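As stored in query34.txt (compact mmCIF, C-alpha atoms):
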```txt
# COMPACT_ATOMS: atom_id res chain seq x y z
CA MET F 1 25.75 -6.46 2.91
CA CYS F 2 22.49 -4.78 2.16
CA ASP F 3 20.86 -3.61 5.41
CA SER F 4 17.31 -3.73 4.09
CA CYS F 5 16.88 -7.25 2.99
CA GLY F 6 19.93 -9.14 4.18
CA CYS F 7 21.08 -10.02 0.68
CA ASN F 8 24.75 -10.12 -0.11
CA VAL F 9 24.81 -8.24 -3.38
CA THR F 10 26.76 -5.01 -3.22
CA PRO F 11 28.13 -2.79 -5.99
CA GLY F 12 31.46 -4.52 -5.25
CA ASN F 13 30.30 -8.03 -6.05
CA LEU F 14 27.43 -7.35 -8.43
CA HIS F 15 29.58 -8.37 -11.43
CA LEU F 16 29.95 -11.87 -9.96
CA VAL F 17 26.24 -12.61 -9.98
CA LYS F 18 25.52 -10.97 -13.31
CA PRO F 19 24.92 -13.45 -16.12
CA ASP F 20 28.26 -14.91 -17.16
CA GLY F 21 29.75 -13.74 -13.89
CA LYS F 22 31.67 -16.30 -11.84
CA LEU F 23 28.76 -17.03 -9.51
CA ALA F 24 25.93 -16.66 -11.96
CA LYS F 25 25.58 -20.30 -12.93
CA THR F 26 24.40 -22.77 -10.35
CA ARG F 27 25.68 -26.32 -10.25
CA GLU F 28 22.72 -27.43 -12.33
CA GLY F 29 23.69 -24.96 -15.03
CA PHE F 30 20.88 -22.45 -14.45
CA SER F 31 21.58 -18.74 -14.51
CA ALA F 32 20.46 -16.72 -11.52
CA VAL F 33 19.42 -13.17 -12.21
CA LYS F 34 19.23 -10.91 -9.16
CA ILE F 35 16.25 -8.57 -9.37
CA LEU F 36 15.41 -7.10 -5.94
CA LYS F 37 12.36 -5.15 -6.96
CA SER F 38 8.98 -4.97 -5.32
CA LEU F 39 6.56 -7.68 -6.41
CA LEU F 40 4.27 -4.77 -7.21
CA ASN F 41 6.88 -2.83 -9.14
CA GLU F 42 4.55 -2.31 -12.08
CA ASN F 43 1.81 -0.91 -9.81
CA ASP F 44 4.33 1.24 -7.94
CA GLN F 45 5.59 2.81 -11.18
CA GLN F 46 2.02 3.63 -12.19
CA ALA F 47 1.35 5.03 -8.70
CA LEU F 48 4.38 7.28 -9.01
CA HIS F 49 3.03 8.53 -12.32
CA ASN F 50 -0.42 9.18 -10.77
CA ARG F 51 1.19 11.10 -7.88
CA GLN F 52 3.07 13.27 -10.38
CA HIS F 53 -0.26 14.08 -12.03
CA PHE F 54 -1.78 15.09 -8.68
CA ASP F 55 1.26 17.15 -7.71
CA GLN F 56 1.40 18.90 -11.04
CA HIS F 57 -2.15 20.15 -10.43
CA GLN F 58 -1.63 20.68 -6.69
CA VAL F 59 -4.35 18.19 -5.86
CA LEU F 60 -4.20 16.40 -2.52
CA ALA F 61 -5.35 12.79 -3.02
CA ILE F 62 -6.72 10.84 -0.07
CA ASN F 63 -7.31 7.10 -0.06
CA LEU F 64 -10.27 6.21 2.15
CA MET F 65 -10.28 2.62 3.39
CA SER F 66 -12.45 0.60 5.77
CA SER F 67 -14.70 -2.45 6.07
CA PRO F 68 -17.88 -2.36 3.99
CA GLY F 69 -20.60 -0.35 5.71
CA SER F 70 -18.45 1.69 8.08
CA GLY F 71 -19.66 4.96 6.58
CA LYS F 72 -17.12 6.07 3.97
CA THR F 73 -19.71 7.46 1.57
CA ALA F 74 -21.71 9.14 4.37
CA LEU F 75 -18.51 10.79 5.59
CA LEU F 76 -17.77 12.02 2.07
CA GLU F 77 -21.27 13.46 1.73
CA ALA F 78 -20.92 15.39 5.00
CA THR F 79 -17.39 16.49 4.07
CA ILE F 80 -18.46 17.77 0.66
CA ASP F 81 -21.37 19.68 2.21
CA ALA F 82 -19.00 21.35 4.66
CA LEU F 83 -16.11 22.10 2.30
CA LYS F 84 -17.51 22.55 -1.20
CA ASP F 85 -17.43 26.34 -1.00
CA GLU F 86 -13.87 26.24 0.30
CA PHE F 87 -12.26 23.68 -2.01
CA LYS F 88 -13.03 22.16 -5.38
CA ILE F 89 -13.49 18.45 -4.62
CA ALA F 90 -13.91 15.29 -6.70
CA VAL F 91 -14.33 11.64 -5.78
CA ILE F 92 -13.22 8.37 -7.35
CA GLU F 93 -15.50 5.59 -6.12
CA GLY F 94 -14.34 1.98 -6.02
CA ASP F 95 -16.96 -0.74 -5.70
CA LEU F 96 -17.36 -4.30 -6.91
CA GLU F 97 -20.65 -3.36 -8.57
CA THR F 98 -23.17 -0.49 -9.01
CA GLU F 99 -22.93 3.27 -9.51
CA ASN F 100 -24.89 3.86 -6.29
CA ASP F 101 -22.11 5.54 -4.31
CA ALA F 102 -21.08 7.77 -7.23
CA GLU F 103 -24.73 8.80 -7.61
CA ARG F 104 -24.89 9.78 -3.94
CA ILE F 105 -21.77 11.93 -4.33
CA ARG F 106 -23.02 13.56 -7.56
CA GLN F 107 -26.17 14.60 -5.71
CA ARG F 108 -23.95 16.77 -3.48
CA GLY F 109 -22.83 18.64 -6.59
CA VAL F 110 -19.34 17.28 -7.15
CA THR F 111 -17.85 15.10 -9.87
CA ALA F 112 -17.69 11.40 -9.06
CA ILE F 113 -16.07 8.74 -11.23
CA GLN F 114 -17.17 5.20 -10.50
CA ILE F 115 -14.73 2.33 -10.89
CA THR F 116 -16.49 -1.03 -10.80
CA THR F 117 -13.87 -3.66 -10.10
CA GLY F 118 -16.05 -6.70 -10.82
CA SER F 119 -14.50 -9.38 -8.69
CA ALA F 120 -11.36 -7.45 -7.69
CA CYS F 121 -11.31 -6.71 -3.98
CA HIS F 122 -9.12 -3.59 -4.16
CA LEU F 123 -8.22 -0.65 -6.37
CA ASP F 124 -4.82 -0.52 -8.01
CA ALA F 125 -2.83 2.30 -9.55
CA HIS F 126 -3.84 1.35 -13.09
CA MET F 127 -7.57 1.51 -12.31
CA VAL F 128 -7.09 4.94 -10.74
CA HIS F 129 -5.11 6.07 -13.75
CA ASP F 130 -7.93 5.00 -16.06
CA ALA F 131 -10.39 6.94 -13.91
CA LEU F 132 -8.15 10.01 -14.12
CA HIS F 133 -8.72 10.04 -17.88
CA HIS F 134 -12.33 10.98 -17.12
CA LEU F 135 -11.46 13.64 -14.58
CA ASP F 136 -10.16 17.16 -15.10
CA LEU F 137 -7.63 17.68 -12.31
CA ALA F 138 -6.86 21.30 -13.20
CA PRO F 139 -9.62 22.98 -11.17
CA LEU F 140 -9.39 20.57 -8.19
CA GLN F 141 -7.77 20.91 -4.80
CA LEU F 142 -8.94 17.76 -3.10
CA LEU F 143 -9.55 14.26 -4.47
CA PHE F 144 -10.98 11.43 -2.41
CA ILE F 145 -10.47 7.87 -3.59
CA GLU F 146 -13.03 5.69 -1.84
CA ASN F 147 -11.48 2.25 -1.95
CA VAL F 148 -13.41 -1.01 -2.06
CA GLY F 149 -14.77 -1.84 1.40
CA ASN F 150 -12.17 -4.32 2.63
CA LEU F 151 -9.62 -4.22 5.46
CA VAL F 152 -7.16 -6.60 3.80
CA CYS F 153 -6.34 -6.20 0.13
CA PRO F 154 -6.38 -2.41 -0.44
CA ALA F 155 -3.58 -1.99 2.10
CA SER F 156 -0.96 -3.45 -0.23
CA PHE F 157 -1.53 -1.17 -3.22
CA ASP F 158 -0.12 2.30 -3.68
CA LEU F 159 -2.54 4.27 -5.85
CA GLY F 160 -0.39 7.37 -6.08
CA HIS F 161 -2.40 9.06 -3.34
CA HIS F 162 -0.81 11.16 -0.59
CA LEU F 163 -2.56 10.02 2.56
CA ASN F 164 -4.41 6.98 3.89
CA VAL F 165 -7.46 7.53 6.05
CA VAL F 166 -8.88 4.40 7.67
CA LEU F 167 -12.38 4.30 9.16
CA LEU F 168 -13.31 2.01 12.03
CA SER F 169 -17.00 2.21 12.89
CA THR F 170 -18.30 1.80 16.42
CA ALA F 171 -20.44 -1.13 15.22
CA GLU F 172 -17.25 -3.12 14.60
CA GLY F 173 -14.85 -4.56 17.18
CA ASP F 174 -12.44 -2.15 18.86
CA ASP F 175 -9.68 -4.73 18.35
CA LYS F 176 -9.72 -4.33 14.55
CA PRO F 177 -6.23 -2.74 14.53
CA ALA F 178 -4.84 -5.90 16.17
CA LYS F 179 -6.68 -8.11 13.67
CA TYR F 180 -5.75 -6.11 10.58
CA PRO F 181 -2.29 -4.73 11.40
CA VAL F 182 -1.26 -4.28 7.76
CA MET F 183 -4.18 -1.93 7.10
CA PHE F 184 -4.00 0.06 10.33
CA ARG F 185 -0.22 0.41 10.19
CA ALA F 186 -0.72 2.12 6.81
CA ALA F 187 -3.12 4.72 8.25
CA ASP F 188 -2.13 8.38 8.41
CA LEU F 189 -5.37 9.03 10.28
CA VAL F 190 -7.87 6.68 11.93
CA LEU F 191 -11.45 7.86 12.28
CA ILE F 192 -13.85 6.13 14.69
CA SER F 193 -16.96 6.59 12.58
CA LYS F 194 -20.63 6.46 13.68
CA SER F 195 -19.62 7.84 17.09
CA ASP F 196 -23.26 8.85 17.63
CA LEU F 197 -23.91 5.13 18.23
CA LEU F 198 -21.37 4.84 21.06
CA PRO F 199 -23.94 5.19 23.88
CA LEU F 200 -25.78 2.18 22.46
CA LEU F 201 -22.71 0.04 21.85
CA ASP F 202 -21.12 -0.50 25.24
CA ASP F 203 -18.69 -3.11 23.93
CA PHE F 204 -16.79 -0.62 21.77
CA ASP F 205 -14.18 1.37 23.67
CA PRO F 206 -12.35 4.01 21.60
CA ARG F 207 -9.48 3.92 24.12
CA CYS F 208 -8.99 0.20 23.40
CA ALA F 209 -8.97 0.91 19.66
CA GLU F 210 -6.30 3.56 20.21
CA ASP F 211 -4.27 1.25 22.43
CA TYR F 212 -4.28 -1.45 19.75
CA LEU F 213 -3.25 1.14 17.16
CA ARG F 214 -0.31 2.36 19.30
CA ARG F 215 0.87 -1.24 19.67
CA LEU F 216 1.46 -1.16 15.91
CA ALA F 217 4.04 1.59 16.54
CA SER F 218 1.69 4.03 14.83
CA ASP F 219 1.64 7.72 15.70
CA ALA F 220 -1.39 8.38 13.50
CA PRO F 221 -4.02 10.60 15.09
CA LEU F 222 -7.26 8.86 16.01
CA PHE F 223 -10.57 10.44 16.92
CA GLY F 224 -14.29 9.78 16.78
CA LEU F 225 -16.75 11.43 14.46
CA SER F 226 -20.31 11.19 13.27
CA ALA F 227 -21.39 12.20 9.79
CA LYS F 228 -24.93 12.20 11.20
CA ASN F 229 -24.79 14.51 14.23
CA LYS F 230 -21.56 16.21 13.01
CA GLN F 231 -19.72 15.55 16.27
CA GLY F 232 -15.96 15.43 15.54
CA MET F 233 -16.46 16.84 12.03
CA PRO F 234 -14.60 20.12 12.74
CA GLN F 235 -11.48 18.19 13.79
CA TRP F 236 -11.61 16.15 10.57
CA LEU F 237 -12.16 19.23 8.41
CA ASN F 238 -9.25 21.00 10.11
CA TRP F 239 -7.04 17.98 9.53
CA LEU F 240 -7.93 18.15 5.83
CA ARG F 241 -7.25 21.91 5.64
CA GLU F 242 -3.91 21.40 7.36
CA LYS F 243 -2.89 18.59 4.99
CA ILE F 244 -3.92 20.55 1.88
CA GLN F 245 -1.73 23.41 3.08
CA GLN F 246 1.14 21.11 4.05
CA HIS F 247 1.02 19.46 0.62
CA ARG F 248 1.09 22.81 -1.18
CA GLN F 249 3.94 24.13 0.93
CA GLY F 250 5.84 20.91 0.32
CA LEU F 251 5.39 21.20 -3.44
CA GLN F 252 6.99 24.64 -3.36
CA GLN F 253 10.11 22.88 -2.10
CA ASP F 254 9.70 19.99 -4.53
CA LYS F 255 8.50 17.65 -1.80
CA THR F 256 5.39 15.57 -1.97
CA LEU F 257 3.49 13.60 0.65
CA ALA F 258 3.57 9.83 0.39
CA ALA F 259 1.20 7.70 2.41
CA SER F 260 2.39 5.35 5.15
CA ILE F 261 1.62 2.41 2.89
CA GLN F 262 5.13 2.56 1.48
CA PRO F 263 7.11 -0.21 3.14
CA ASP F 264 9.82 0.51 5.72
CA ALA F 265 11.85 -2.62 5.98
CA GLY F 266 11.25 -3.77 2.44
CA GLN F 267 12.26 -0.47 0.93
CA LEU F 268 14.28 -0.74 -2.23
CA ASP F 269 16.03 2.58 -2.32
CA LYS F 270 19.51 1.27 -2.76
CA PRO F 271 20.52 2.45 -6.24
CA ALA F 272 22.85 -0.49 -6.77
CA HIS F 273 19.92 -2.87 -6.45
CA LYS F 274 17.34 -0.94 -8.36
CA GLN F 275 18.31 -1.91 -11.86
CA ILE F 276 18.22 -5.32 -13.42
CA PRO F 277 21.74 -5.99 -14.60
CA ASN F 278 21.77 -5.60 -18.34
CA PRO F 279 22.47 -8.72 -20.33
CA ASP F 280 25.98 -8.66 -21.67
CA MET P 1 -7.79 -12.34 -2.36
CA HIS P 2 -5.28 -9.95 -3.92
CA GLU P 3 -2.59 -12.63 -4.20
CA LEU P 4 -3.64 -13.40 -7.78
CA SER P 5 -3.08 -9.78 -8.91
CA ILE P 6 0.24 -9.71 -7.08
CA CYS P 7 1.24 -13.03 -8.64
CA GLN P 8 0.37 -11.77 -12.13
CA SER P 9 2.36 -8.59 -11.56
CA MET P 10 5.32 -10.63 -10.33
CA LEU P 11 5.10 -13.02 -13.29
CA LYS P 12 5.13 -10.15 -15.73
CA GLN P 13 8.45 -8.99 -14.27
CA VAL P 14 9.79 -12.55 -14.22
CA CYS P 15 8.83 -13.24 -17.85
CA ASP P 16 10.24 -9.88 -18.95
CA VAL P 17 13.59 -10.88 -17.44
CA ALA P 18 13.43 -14.31 -19.11
CA ARG P 19 12.76 -12.67 -22.49
CA GLN P 20 15.51 -10.13 -21.89
CA TYR P 21 17.98 -12.99 -21.42
CA HIS P 22 16.45 -15.11 -24.24
CA ALA P 23 15.81 -17.94 -21.78
CA PRO P 24 13.43 -20.66 -23.01
CA HIS P 25 11.90 -20.99 -19.58
CA VAL P 26 12.15 -20.04 -15.92
CA HIS P 27 13.41 -22.71 -13.54
CA SER P 28 12.58 -21.01 -10.25
CA VAL P 29 11.56 -17.69 -8.74
CA ARG P 30 12.87 -16.60 -5.36
CA ILE P 31 10.97 -14.01 -3.33
CA GLN P 32 11.11 -12.52 0.15
CA LEU P 33 7.84 -12.02 2.02
CA GLY P 34 7.30 -10.37 5.37
CA PRO P 35 4.06 -11.03 7.30
CA LEU P 36 3.34 -7.28 7.28
CA SER P 37 3.33 -7.16 3.48
CA GLY P 38 -0.26 -8.33 3.60
CA ILE P 39 0.51 -11.18 1.20
CA GLU P 40 -0.28 -14.73 2.28
CA ALA P 41 2.55 -17.05 1.27
CA ASP P 42 0.26 -20.10 1.08
CA LEU P 43 -2.25 -18.34 -1.17
CA LEU P 44 0.53 -17.07 -3.41
CA LYS P 45 1.88 -20.62 -3.71
CA GLN P 46 -1.59 -21.85 -4.64
CA VAL P 47 -2.19 -19.30 -7.38
CA PHE P 48 1.35 -19.43 -8.81
CA PRO P 49 0.86 -22.57 -10.98
CA ILE P 50 -2.44 -21.20 -12.28
CA ALA P 51 -1.15 -17.73 -13.05
CA SER P 52 2.07 -19.03 -14.62
CA SER P 53 0.36 -21.59 -16.82
CA GLY P 54 1.24 -21.00 -20.47
CA THR P 55 3.93 -18.43 -19.64
CA LEU P 56 7.72 -18.78 -19.66
CA ALA P 57 7.43 -19.53 -15.94
CA ASP P 58 5.07 -22.49 -16.49
CA GLY P 59 6.25 -25.29 -14.21
CA ALA P 60 8.71 -23.07 -12.34
CA GLU P 61 9.22 -23.42 -8.64
CA LEU P 62 8.28 -20.55 -6.34
CA LEU P 63 10.71 -20.27 -3.44
CA ILE P 64 9.46 -18.07 -0.62
CA GLN P 65 11.76 -16.81 2.09
CA THR P 66 9.63 -15.64 5.02
CA MET P 67 11.20 -12.67 6.75
CA PRO P 68 10.93 -12.16 10.51
CA VAL P 69 8.96 -9.26 12.00
CA ARG P 70 11.75 -7.31 13.69
CA VAL P 71 11.76 -3.87 15.26
CA LEU P 72 14.54 -1.61 16.42
CA CYS P 73 14.04 0.17 19.73
CA LYS P 74 15.97 3.42 19.86
CA HIS P 75 15.84 3.52 23.68
CA CYS P 76 17.22 0.04 24.19
CA ASN P 77 19.35 0.31 21.06
CA ALA P 78 18.47 -3.26 20.24
CA ALA P 79 16.43 -5.19 17.69
CA PHE P 80 13.72 -7.66 18.70
CA ASP P 81 11.61 -10.24 16.91
CA VAL P 82 8.00 -9.41 17.71
CA GLN P 83 4.40 -10.36 16.93
CA ILE P 84 2.76 -8.86 13.86
CA ASN P 85 0.38 -6.76 16.01
CA GLN P 86 2.79 -6.00 18.87
CA LEU P 87 5.35 -3.75 17.22
CA GLY P 88 6.38 -1.93 20.38
CA CYS P 89 9.58 -2.71 22.26
CA PRO P 90 9.10 -5.92 24.28
CA VAL P 91 11.62 -4.68 26.89
CA CYS P 92 10.87 -1.02 27.61
CA GLY P 93 7.40 -0.84 26.03
CA ASP P 94 8.22 2.14 23.82
CA THR P 95 5.96 2.19 20.76
CA HIS P 96 8.18 4.46 18.67
CA THR P 97 10.08 1.56 17.20
CA GLN P 98 11.35 1.24 13.67
CA LEU P 99 10.48 -1.79 11.60
CA VAL P 100 13.71 -3.27 10.26
CA SER P 101 12.21 -6.42 8.77
CA GLY P 102 8.76 -7.84 8.17
CA ASP P 103 7.00 -5.91 5.39
CA GLU P 104 9.05 -7.20 2.46
CA MET P 105 7.40 -8.12 -0.82
CA ILE P 106 10.52 -8.47 -2.89
CA LEU P 107 11.23 -10.33 -6.08
CA ASP P 108 14.71 -11.49 -5.13
CA SER P 109 15.93 -13.42 -8.15
CA VAL P 110 14.97 -15.73 -10.96
CA GLN P 111 16.79 -18.80 -12.15
CA LEU P 112 16.68 -19.15 -15.89
CA ALA P 113 17.05 -22.45 -17.69
CA GLY P 114 19.01 -22.99 -20.89
CA HIS P 115 20.53 -19.54 -20.91
CA HIS P 116 23.57 -19.06 -23.13
```
As structure tokens, what does this structure read like?
Amino acid sequence: MCDSCGCNVTPGNLHLVKPDGKLAKTREGFSAVKILKSLLNENDQQALHNRQHFDQHQVLAINLMSSPGSGKTALLEATIDALKDEFKIAVIEGDLETENDAERIRQRGVTAIQITTGSACHLDAHMVHDALHHLDLAPLQLLFIENVGNLVCPASFDLGHHLNVVLLSTAEGDDKPAKYPVMFRAADLVLISKSDLLPLLDDFDPRCAEDYLRRLASDAPLFGLSAKNKQGMPQWLNWLREKIQQHRQGLQQDKTLAASIQPDAGQLDKPAHKQIPNPD
Amino acid sequence: MHELSICQSMLKQVCDVARQYHAPHVHSVRIQLGPLSGIEADLLKQVFPIASSGTLADGAELLIQTMPVRVLCKHCNAAFDVQINQLGCPVCGDTHTQLVSGDEMILDSVQLAGHH
């Protein structure tokens, strides 16, 4: 019995369900082929490939996700200003349309590659891979992937990045983690952005936001910051420095960082189930 | 609406298997979905006939097994079915639980027609 998914295929009985096995044909005469792979297997393979690229060049890749308008680009601008003498940074920008965000980043003096997704509401590993063809990873230490502003779809796609950072702005509801559990459960760090507006927005309580996050069994750190008045920025910059170091140290021992987006229960790490049985 | 991309990715795998086994068409596709996968079963069912149109899976049935959201509490040493946004232990309140079911997005199996 497989503990992950409750299926009954084990190495001991796999031959029975293989084509031409005793149990392979149903009463109606159809052949059942057991697959047990992620629905996004193709994306996951590409993501793995992307992550190998990043690791090979010792680049820490961070996937930035949030609702539209919660301040992802403003945070990146402030981050680049603070860290550009310390680390070589680049940004991949995902938007439905326009080069506007990439232009803003380029004005801070770093390379920005714009992906315009058209009608697609999320980035996937293939789009990021295409963008990587226009980016020289060799001199970089830090790559931000600014995902399409959306709290739903981007959560399901591994891009090959190492960490997920989710922004929740004070102009939104503090119960967003309860409303979008898939996204917030995937967060390695939650930033309460636009914290300079807190005195004006008495219906947003950062403690409530944290409480809702903890109810998702998440240990991810959460703190407020403002790209405008720089409050909370040192904590964010230190978190980045720490993660860059952690990633590098890990690579020396052949370990990489993988974001929380990888499923727990649905994990498919059982070697016996990984391969499609070959046709006889 | 990312269900269409997910459906297309799934169909690519399904049709690859059908070709591998030289099956003329796919009879049904069985998947497991957990609510924490972020995939809406109803939306996936709606886009499936559209995305599969003209492929080897045209006309196939999509069978979705919805998995329960279940966590294991290490303190209580017990598993509980919980709400999608209440993943702590319902008994002792500990939030350091482990998800044992609920985020599946698994292509379980395909049934191929006319396979020799």
Counting all atoms listed in the file, figure out which residue out of P:Gly54, P:Gly59, P:Pro68, P:Gly38 gets nearest to chain F. P:Gly38
When you draw a straight line from atom CA of Gln245 of chain F to atom CA of Ile145 of chain F, how long is it in Å? 19.0 Å
Separation of atom CA of Leu56 of chain P from atom CA of His129 of chain F, in Å and rounded to one decimal: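 Separation of atom CA of Leu56 of chain P and atom CA of His129 of chain F: 28.6 Å.
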Can you work out which residues from chain P touch chain F at a cut-off of 7 Å (counting all atoms listed in the file) and hand them back as a short mmCIF file (atom, residue, chain, number, x, y, z; two decimals) with C-alpha atoms, in the coordinates of the input?
```cif
data_model
loop_
_atom_site.label_atom_id
_atom_site.label_comp_id
_atom_site.auth_asym_id
_atom_site.auth_seq_id
_atom_site.Cartn_x
_atom_site.Cartn_y
_atom_site.Cartn_z
CA MET P 1 -7.79 -12.34 -2.36
CA HIS P 2 -5.28 -9.95 -3.92
CA ILE P 6 0.24 -9.71 -7.08
CA SER P 9 2.36 -8.59 -11.56
CA MET P 10 5.32 -10.63 -10.33
CA TYR P 21 17.98 -12.99 -21.42
CA LEU P 36 3.34 -7.28 7.28
CA SER P 37 3.33 -7.16 3.48
CA GLY P 38 -0.26 -8.33 3.60
CA ILE P 84 2.76 -8.86 13.86
CA ASN P 85 0.38 -6.76 16.01
CA GLN P 86 2.79 -6.00 18.87
CA LEU P 87 5.35 -3.75 17.22
CA GLY P 88 6.38 -1.93 20.38
CA THR P 95 5.96 2.19 20.76
CA HIS P 96 8.18 4.46 18.67
CA THR P 97 10.08 1.56 17.20
CA LEU P 99 10.48 -1.79 11.60
CA VAL P 100 13.71 -3.27 10.26
CA SER P 101 12.21 -6.42 8.77
CA GLY P 102 8.76 -7.84 8.17
CA ASP P 103 7.00 -5.91 5.39
CA GLU P 104 9.05 -7.20 2.46
CA MET P 105 7.40 -8.12 -0.82
CA ILE P 106 10.52 -8.47 -2.89
CA LEU P 107 11.23 -10.33 -6.08
CA ASP P 108 14.71 -11.49 -5.13
CA SER P 109 15.93 -13.42 -8.15
CA VAL P 110 14.97 -15.73 -10.96
CA GLN P 111 16.79 -18.80 -12.15
CA LEU P 112 16.68 -19.15 -15.89
CA ALA P 113 17.05 -22.45 -17.69
CA GLY P 114 19.01 -22.99 -20.89
CA HIS P 115 20.53 -19.54 -20.91
#
```
Nearest-residue call for Ala90 of chain F, choices F:Leu142, F:Leu123, F:Leu132, F:Gln45, using only C-alpha atoms: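 Closest to Ala90 of chain F, using only C-alpha atoms: F:Leu142.
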Atom CA of Asp158 of chain F and atom CA of Asp16 of chain P, how far apart in Å? 22.1 Å
If we count all atoms listed in the file and set the cut-off at 10 Å, which residues sit around Met233 of chain F, ignoring sequence neighbours fewer than 5 positions away in its own chain? Please answer as a PyMOL selection string. chain F and resi 75+78-79+82+223-228+238-239
If we count all atoms listed in the file and set the cut-off at 12 Å, which residues sit around segment 46-51 of chain F, ignoring sequence neighbours fewer than 3 positions away in its own chain? Please answer as a ChimeraX atom specification. /F:40-43,54-62,123-133,137,143,157-163,247,251,255-259,261-262
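Of the residues listed (F:Gly149, F:Gly118, F:Pro206, F:Pro139), F:Gly149 shows the shortest atom-to-atom separation from Lys72 of chain F; distances use all atoms listed in the file.
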Excluding segment 42-44 of chain P and its own-chain neighbours fewer than 2 positions away, which residues fall within 8 Å of it when counting all atoms listed in the file? Please give them as a PyMOL selection string. chain P and resi 3-4+7+39-40+46-48
